[in-house]
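Below is one structure, written out as structure tokens; comments come after it.
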Amino acid sequence: MHPVTTVHYLALSAALLLIGTVGVLTRRNIVIILMSIELILNAVNINLIAFSHALQNINGQVFAIFVITDAVAEAAVGLGILIALFRNKETVLADQVDILKW
Amino acid sequence: MLIDTILFYVFAVLVLAGGILTITRRSAVHSAISLIVSLLGVAGLYLLQKAEFLFAVQIVLYIGGIMVLFLFVIMLVNLDQAAKERQFNKQWLVGLAAAGLVGLQIGWFVIKGKAAFAIATPSMPGASAGEGNTEQIAQVLFSEYLLPFEIASILLLVAVVGSVIMAKKRI
């Protein structure tokens, strides 16, 4: 059995990023789109931690903390928008919110 | 060493299976539970790579904070109607293109062989022994990254005010 290297972590991170991207692109439910964004940000974090471990450099972990901060802010604001949207339009499906389309 | 390899594959399966279930389940609550499984797997990967502080942050903040927020909103917003409708839009071609792109990248690196996977070795010896992971992060965070740290606090303040204003009925 091969020992686990940084490349293994990078491949895992790419796969998770792909899952998140497909979720954002193809789902209609806004709650699940927001969850897919969390998956994407976690893939980024796996990458940062893998390089931080490989290069023995702590800066990657500090960056991961900032990414987590952004994820928290994004989730809070996104869910606030979702509640406002549901109050006004009674829908959580992304393709039914098309007032700006013509 | 062997136990590390086994644990890596266990956590990798948790992460990927949780992620796939998250984007395929019909019920949003099931998606949220699958996402928690996936985040737990990511936390395990942090622990494998000696990032103990981030492991704790992942558990406390992501699973204890963000996912509870998600579950609250799922309960608050009536999703029964949405669960009965079609779950996927017609963008599957774009999704397929994204999947093909990542597959192409991985294939390209596999074809190029071992040289493509040569990752730089650490230029300086590892951090001073005897210092814990949390101390090291704090040292860097409060000296080199002090300004980004303060800006992050402003970002969080803006997010707090913004989400309250968004969710309030009348301002």
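Scheme for the structure tokens: letters A, B, ... for chains in order shown; per-chain residue numbers from 1; ligand numbers from 1 in order shown.
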Quiz prompt | Who sits within 12 Å of Gln136 (chain B), only C-alpha atoms, same chain under 2 positions skipped, as a list in words | solution =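 Once the nearby chain positions are removed, what remains is Gln56, Asn57, Ile58, Asn59, Gly60, Gln61 and Val62 of chain A; Ala51, Glu52, Phe53, Gly126, Ala127, Ser128, Ala129, Gly130, Glu131, Gly132, Asn133, Thr134, Ala138, Gln139, Val140, Leu141, Phe142, Ser143 and Glu144 of chain B.
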Keeping N, CA and C atoms, export the residues of the selection given above as a tab-separated table (two decimals), in the first residue's frame.
chain	number	residue	atom	x	y	z
A	56	GLN	N	5.86	22.37	5.97
A	56	GLN	CA	6.14	22.67	7.38
A	56	GLN	C	6.04	24.17	7.64
A	57	ASN	N	5.00	24.79	7.06
A	57	ASN	CA	4.83	26.23	7.16
A	57	ASN	C	3.47	26.51	7.76
A	58	ILE	N	3.43	27.30	8.83
A	58	ILE	CA	2.17	27.48	9.56
A	58	ILE	C	1.23	28.44	8.85
A	59	ASN	N	1.73	29.21	7.86
A	59	ASN	CA	0.90	30.24	7.22
A	59	ASN	C	-0.34	29.65	6.57
A	60	GLY	N	-0.24	28.44	6.03
A	60	GLY	CA	-1.40	27.83	5.40
A	60	GLY	C	-2.55	27.65	6.38
A	61	GLN	N	-2.23	27.28	7.62
A	61	GLN	CA	-3.29	27.09	8.61
A	61	GLN	C	-3.94	28.42	8.96
A	62	VAL	N	-3.13	29.50	9.01
A	62	VAL	CA	-3.72	30.82	9.29
A	62	VAL	C	-4.68	31.21	8.17
B	51	ALA	N	-2.95	19.46	12.31
B	51	ALA	CA	-3.53	20.80	12.47
B	51	ALA	C	-4.61	20.71	13.54
B	52	GLU	N	-4.18	20.54	14.79
B	52	GLU	CA	-5.15	20.26	15.85
B	52	GLU	C	-6.08	21.43	16.11
B	53	PHE	N	-5.54	22.65	16.00
B	53	PHE	CA	-6.39	23.81	16.28
B	53	PHE	C	-7.51	23.89	15.26
B	126	GLY	N	11.45	22.34	10.26
B	126	GLY	CA	10.13	22.51	10.84
B	126	GLY	C	10.13	23.48	12.02
B	127	ALA	N	8.93	23.90	12.38
B	127	ALA	CA	8.80	24.87	13.46
B	127	ALA	C	9.43	24.34	14.74
B	128	SER	N	9.80	25.27	15.59
B	128	SER	CA	10.53	24.91	16.79
B	128	SER	C	9.77	23.87	17.59
B	129	ALA	N	10.50	22.86	18.01
B	129	ALA	CA	9.88	21.77	18.75
B	129	ALA	C	9.46	22.27	20.12
B	130	GLY	N	8.49	21.59	20.70
B	130	GLY	CA	8.06	21.97	22.04
B	130	GLY	C	6.95	22.99	22.04
B	131	GLU	N	6.70	23.62	20.87
B	131	GLU	CA	5.58	24.56	20.79
B	131	GLU	C	4.39	23.85	20.19
B	132	GLY	N	3.24	24.03	20.79
B	132	GLY	CA	2.06	23.39	20.26
B	132	GLY	C	1.55	24.08	19.02
B	133	ASN	N	0.64	23.39	18.33
B	133	ASN	CA	0.07	23.93	17.10
B	133	ASN	C	-0.65	25.25	17.35
B	134	THR	N	-1.42	25.32	18.45
B	134	THR	CA	-2.18	26.54	18.73
B	134	THR	C	-1.26	27.71	19.00
B	138	ALA	N	-1.11	31.19	16.89
B	138	ALA	CA	-1.32	32.47	17.56
B	138	ALA	C	-0.15	33.41	17.32
B	139	GLN	N	1.10	32.86	17.38
B	139	GLN	CA	2.28	33.68	17.12
B	139	GLN	C	2.18	34.39	15.78
B	140	VAL	N	1.84	33.61	14.74
B	140	VAL	CA	1.79	34.19	13.40
B	140	VAL	C	0.58	35.10	13.24
B	141	LEU	N	-0.56	34.65	13.78
B	141	LEU	CA	-1.82	35.38	13.56
B	141	LEU	C	-1.76	36.76	14.21
B	142	PHE	N	-1.14	36.87	15.37
B	142	PHE	CA	-1.16	38.14	16.08
B	142	PHE	C	0.06	38.99	15.81
B	143	SER	N	0.96	38.54	14.93
B	143	SER	CA	2.07	39.43	14.58
B	143	SER	C	2.04	39.74	13.09
B	144	GLU	N	2.24	38.68	12.27
B	144	GLU	CA	2.35	38.91	10.83
B	144	GLU	C	1.00	39.23	10.21
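Within 8 Å of Val67 (chain A), once only C-alpha atoms are used and residues closer than 3 positions along the same chain are dropped, the contacting residues are A:Leu41, A:Asn45, A:Phe63, A:Ala64, A:Asp70, A:Ala71.
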Using only C-alpha atoms, what does the table of chain A residues within 6 Å of chain B look like, with each row giving the shortest atom pair and its distance in Å to one decimal, sorted by chain and ascending number, as JSON lines?
{"residue": "A:Val4", "atom": "CA", "partner": "B:Thr5", "partner_atom": "CA", "distance": 5.8}
{"residue": "A:Val22", "atom": "CA", "partner": "B:Gly95", "partner_atom": "CA", "distance": 5.0}
{"residue": "A:Gly23", "atom": "CA", "partner": "B:Ile23", "partner_atom": "CA", "distance": 5.2}
{"residue": "A:Thr26", "atom": "CA", "partner": "B:Phe88", "partner_atom": "CA", "distance": 5.4}
{"residue": "A:Arg27", "atom": "CA", "partner": "B:Phe88", "partner_atom": "CA", "distance": 4.7}
{"residue": "A:Arg28", "atom": "CA", "partner": "B:Phe88", "partner_atom": "CA", "distance": 5.5}
{"residue": "A:Leu55", "atom": "CA", "partner": "B:Pro122", "partner_atom": "CA", "distance": 4.3}
{"residue": "A:Gln56", "atom": "CA", "partner": "B:Gly126", "partner_atom": "CA", "distance": 5.3}
{"residue": "A:Ala73", "atom": "CA", "partner": "B:Ala159", "partner_atom": "CA", "distance": 5.3}
{"residue": "A:Val77", "atom": "CA", "partner": "B:Ser163", "partner_atom": "CA", "distance": 4.7}
{"residue": "A:Gly80", "atom": "CA", "partner": "B:Ser163", "partner_atom": "CA", "distance": 4.8}
{"residue": "A:Ile81", "atom": "CA", "partner": "B:Met166", "partner_atom": "CA", "distance": 5.7}
{"residue": "A:Ile83", "atom": "CA", "partner": "B:Ala167", "partner_atom": "CA", "distance": 5.8}
{"residue": "A:Ala84", "atom": "CA", "partner": "B:Ala167", "partner_atom": "CA", "distance": 5.5}
Kindly save the residues from that selection, with N, CA and C atoms included, as a tab-separated table (two decimals), in the first residue's frame.
chain	number	residue	atom	x	y	z
A	4	VAL	N	0.51	7.72	2.16
A	4	VAL	CA	-0.30	8.86	1.72
A	4	VAL	C	0.61	10.08	1.55
A	22	VAL	N	-20.62	20.97	-9.07
A	22	VAL	CA	-21.78	20.36	-9.72
A	22	VAL	C	-23.04	20.66	-8.92
A	23	GLY	N	-22.93	20.65	-7.59
A	23	GLY	CA	-24.08	20.97	-6.76
A	23	GLY	C	-24.57	22.39	-7.00
A	26	THR	N	-26.23	22.55	-10.63
A	26	THR	CA	-27.39	21.78	-11.07
A	26	THR	C	-28.56	21.77	-10.08
A	27	ARG	N	-28.38	22.11	-8.83
A	27	ARG	CA	-29.52	22.04	-7.90
A	27	ARG	C	-30.40	23.27	-8.05
A	28	ARG	N	-31.68	23.12	-7.73
A	28	ARG	CA	-32.60	24.25	-7.78
A	28	ARG	C	-32.84	24.85	-6.41
A	55	LEU	N	5.04	21.62	3.52
A	55	LEU	CA	6.12	22.60	3.56
A	55	LEU	C	6.52	22.96	4.98
A	56	GLN	N	5.86	22.37	5.97
A	56	GLN	CA	6.14	22.67	7.38
A	56	GLN	C	6.04	24.17	7.64
A	73	ALA	N	-19.36	34.16	7.51
A	73	ALA	CA	-20.04	35.39	7.10
A	73	ALA	C	-20.96	35.12	5.92
A	77	VAL	N	-25.11	35.67	5.94
A	77	VAL	CA	-25.77	36.60	5.04
A	77	VAL	C	-26.64	35.86	4.04
A	80	GLY	N	-29.80	34.78	5.65
A	80	GLY	CA	-30.66	35.95	5.87
A	80	GLY	C	-31.38	36.35	4.60
A	81	ILE	N	-30.64	36.36	3.48
A	81	ILE	CA	-31.26	36.68	2.19
A	81	ILE	C	-32.34	35.65	1.87
A	83	ILE	N	-34.21	33.93	3.92
A	83	ILE	CA	-35.42	34.17	4.71
A	83	ILE	C	-36.20	35.35	4.14
A	84	ALA	N	-35.49	36.43	3.77
A	84	ALA	CA	-36.18	37.58	3.18
A	84	ALA	C	-36.85	37.19	1.87
Quiz item: Leaving out Tyr9 (chain A) and any residue of its chain fewer than 4 positions from it, which residues lie within 7 Å of it when counting only C-alpha atoms, given as a list of chain:residue names?
Solution: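 Near neighbours after the sequence-gap exclusion: A:Ser13, A:Asn47, A:Ala50.
For the set A:Leu10, A:Ile99, A:Ile30, A:Val92, the residue with the smallest atom-to-atom gap to Ile49 (chain A) is A:Leu10, counting only C-alpha atoms.
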Quiz item: What is the CA of Ala94 (chain A) to CA of Leu18 (chain A) distance in Å?
Solution: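 That distance, rounded to one decimal, is 20.3 Å.
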Quiz prompt | Two-atom distance - CA of Ile151 (chain B), CA of His53 (chain A) (Å) | solution =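 Spanning CA of Ile151 (chain B) to CA of His53 (chain A) is a straight-line distance of 26.3 Å.
The gap separating CA of Gly78 (chain A) from CA of Glu90 (chain A) is 16.4 Å, in Å to one decimal.
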